[in-house]
Amino acid sequence: MKRTFFVAAFFLVTSLISFAQSADEKAVGDAVEKLRKAIVDADGATLTKLTSPLLSYGHSNGNLEDQKEFVRAITSGESHFTRIDLSDQTISISGDLAIVRHKLMGDTHNKGKEPAPVKLGVLYVWQKMKGNWLLVGRQAFKLP
């Protein structure tokens, strides 16, 4: 009888952990989509809400920005995406951290430059803080 109880308890705990992780994966995926939309819309309030004050935002050209510089560059039009499409996204959760990888295809029209297509690989690090997933790290790299 005890054995049956422990087996049932094991499966219950495993199911609960799996459900919690899939709920977190969905929440992180939703946060990524909100970030994508906020970048295209140059929505500073949403960008600030989705990112940590400790943000380290790495660009494919080697530039590195903190939260304030990232939001300023997007809202000023210095870094202006007119389209962002994401594909091949994976989300891995470990405790309060999430690693997101995807491919980003888009179009930019940055200040003083001709419109240009971009094709990037992106690595995000999100952290769950006070029930919300915030972006703490991002690094992009050019895809062939």
# chains A, B, ... in the order shown; residues from 1 in each chain; ligands from 1
$ select_by_dssp --residues "region 17-139 of chain A" --states "helix (DSSP H, G or I)" --output "number ranges by chain"
A: 17-41, 44-50, 67-76
$ residues_around --residues "Gly58 (chain A)" --least-positions-apart "5" --cutoff "8 Å" --atoms "only C-alpha atoms" --output "list in words"
Asn63, Leu64, Glu65, Gly137, Arg138, Gln139 and Ala140 of chain A
$ closest_residue --among "A:Thr90, A:Ser52, A:Asn61, A:Thr108" --to "Ile74 (chain A)" --atoms "only C-alpha atoms"
A:Thr108
$ closest_residue --among "A:Val136, A:Val40, A:Leu54, A:Ala98" --to "Thr82 (chain A)" --atoms "only C-alpha atoms"
A:Val40
$ select_by_dssp --residues "region 52-91 of chain A" --states "strand (DSSP E)" --output "list in words"
Ser52, Pro53, Leu54, Leu55, Ser56, Tyr57, Gly58, Leu64, Glu65, Phe81, Thr82, Arg83, Ile84, Asp85, Leu86, Ser87, Asp88, Gln89, Thr90 and Ile91 of chain A
$ write_last_selection --atoms "C-alpha atoms" --output "mmCIF file, in the first residue's frame"
data_model
loop_
_atom_site.group_PDB
_atom_site.id
_atom_site.type_symbol
_atom_site.label_atom_id
_atom_site.label_comp_id
_atom_site.auth_asym_id
_atom_site.auth_seq_id
_atom_site.Cartn_x
_atom_site.Cartn_y
_atom_site.Cartn_z
ATOM 1 C CA SER A 52 15.451 44.454 -15.893
ATOM 2 C CA PRO A 53 17.312 47.560 -14.723
ATOM 3 C CA LEU A 54 20.366 45.251 -14.885
ATOM 4 C CA LEU A 55 19.812 44.513 -18.596
ATOM 5 C CA SER A 56 22.846 43.667 -20.723
ATOM 6 C CA TYR A 57 21.710 43.972 -24.366
ATOM 7 C CA GLY A 58 24.290 42.815 -26.908
ATOM 8 C CA LEU A 64 26.415 46.647 -25.676
ATOM 9 C CA GLU A 65 23.588 48.619 -24.032
ATOM 10 C CA PHE A 81 12.875 47.907 -36.762
ATOM 11 C CA THR A 82 10.031 48.093 -39.260
ATOM 12 C CA ARG A 83 9.501 44.314 -39.190
ATOM 13 C CA ILE A 84 10.580 41.437 -36.953
ATOM 14 C CA ASP A 85 9.702 37.794 -37.635
ATOM 15 C CA LEU A 86 10.844 35.086 -35.226
ATOM 16 C CA SER A 87 11.314 31.388 -35.999
ATOM 17 C CA ASP A 88 12.800 28.195 -34.572
ATOM 18 C CA GLN A 89 12.251 29.405 -31.002
ATOM 19 C CA THR A 90 13.207 27.226 -28.046
ATOM 20 C CA ILE A 91 12.562 27.990 -24.385
#
$ closest_residue --among "A:Trp133, A:Phe141, A:Phe70, A:Tyr124" --to "Ala31 (chain A)" --atoms "only C-alpha atoms"
A:Trp133
$ closest_residue --among "A:Met105, A:Ala116, A:Leu143, A:Val71" --to "Asp43 (chain A)" --atoms "only C-alpha atoms"
A:Val71
$ atom_distance --atom1 "CA of Arg72 (chain A)" --atom2 "CA of Ser60 (chain A)"
18.1 Å
$ atom_distance --atom1 "CA of Gly131 (chain A)" --atom2 "CA of Asp41 (chain A)"
25.1 Å
$ closest_residue --among "A:His109, A:Lys68, A:Lys37, A:Lys26" --to "Ser92 (chain A)" --atoms "only C-alpha atoms"
A:Lys26
$ closest_residue --among "A:Val118, A:Ala27, A:Ile39, A:Val32" --to "Pro144 (chain A)" --atoms "only C-alpha atoms"
A:Val118
$ atom_distance --atom1 "CA of Leu47 (chain A)" --atom2 "CA of Leu134 (chain A)"
10.0 Å
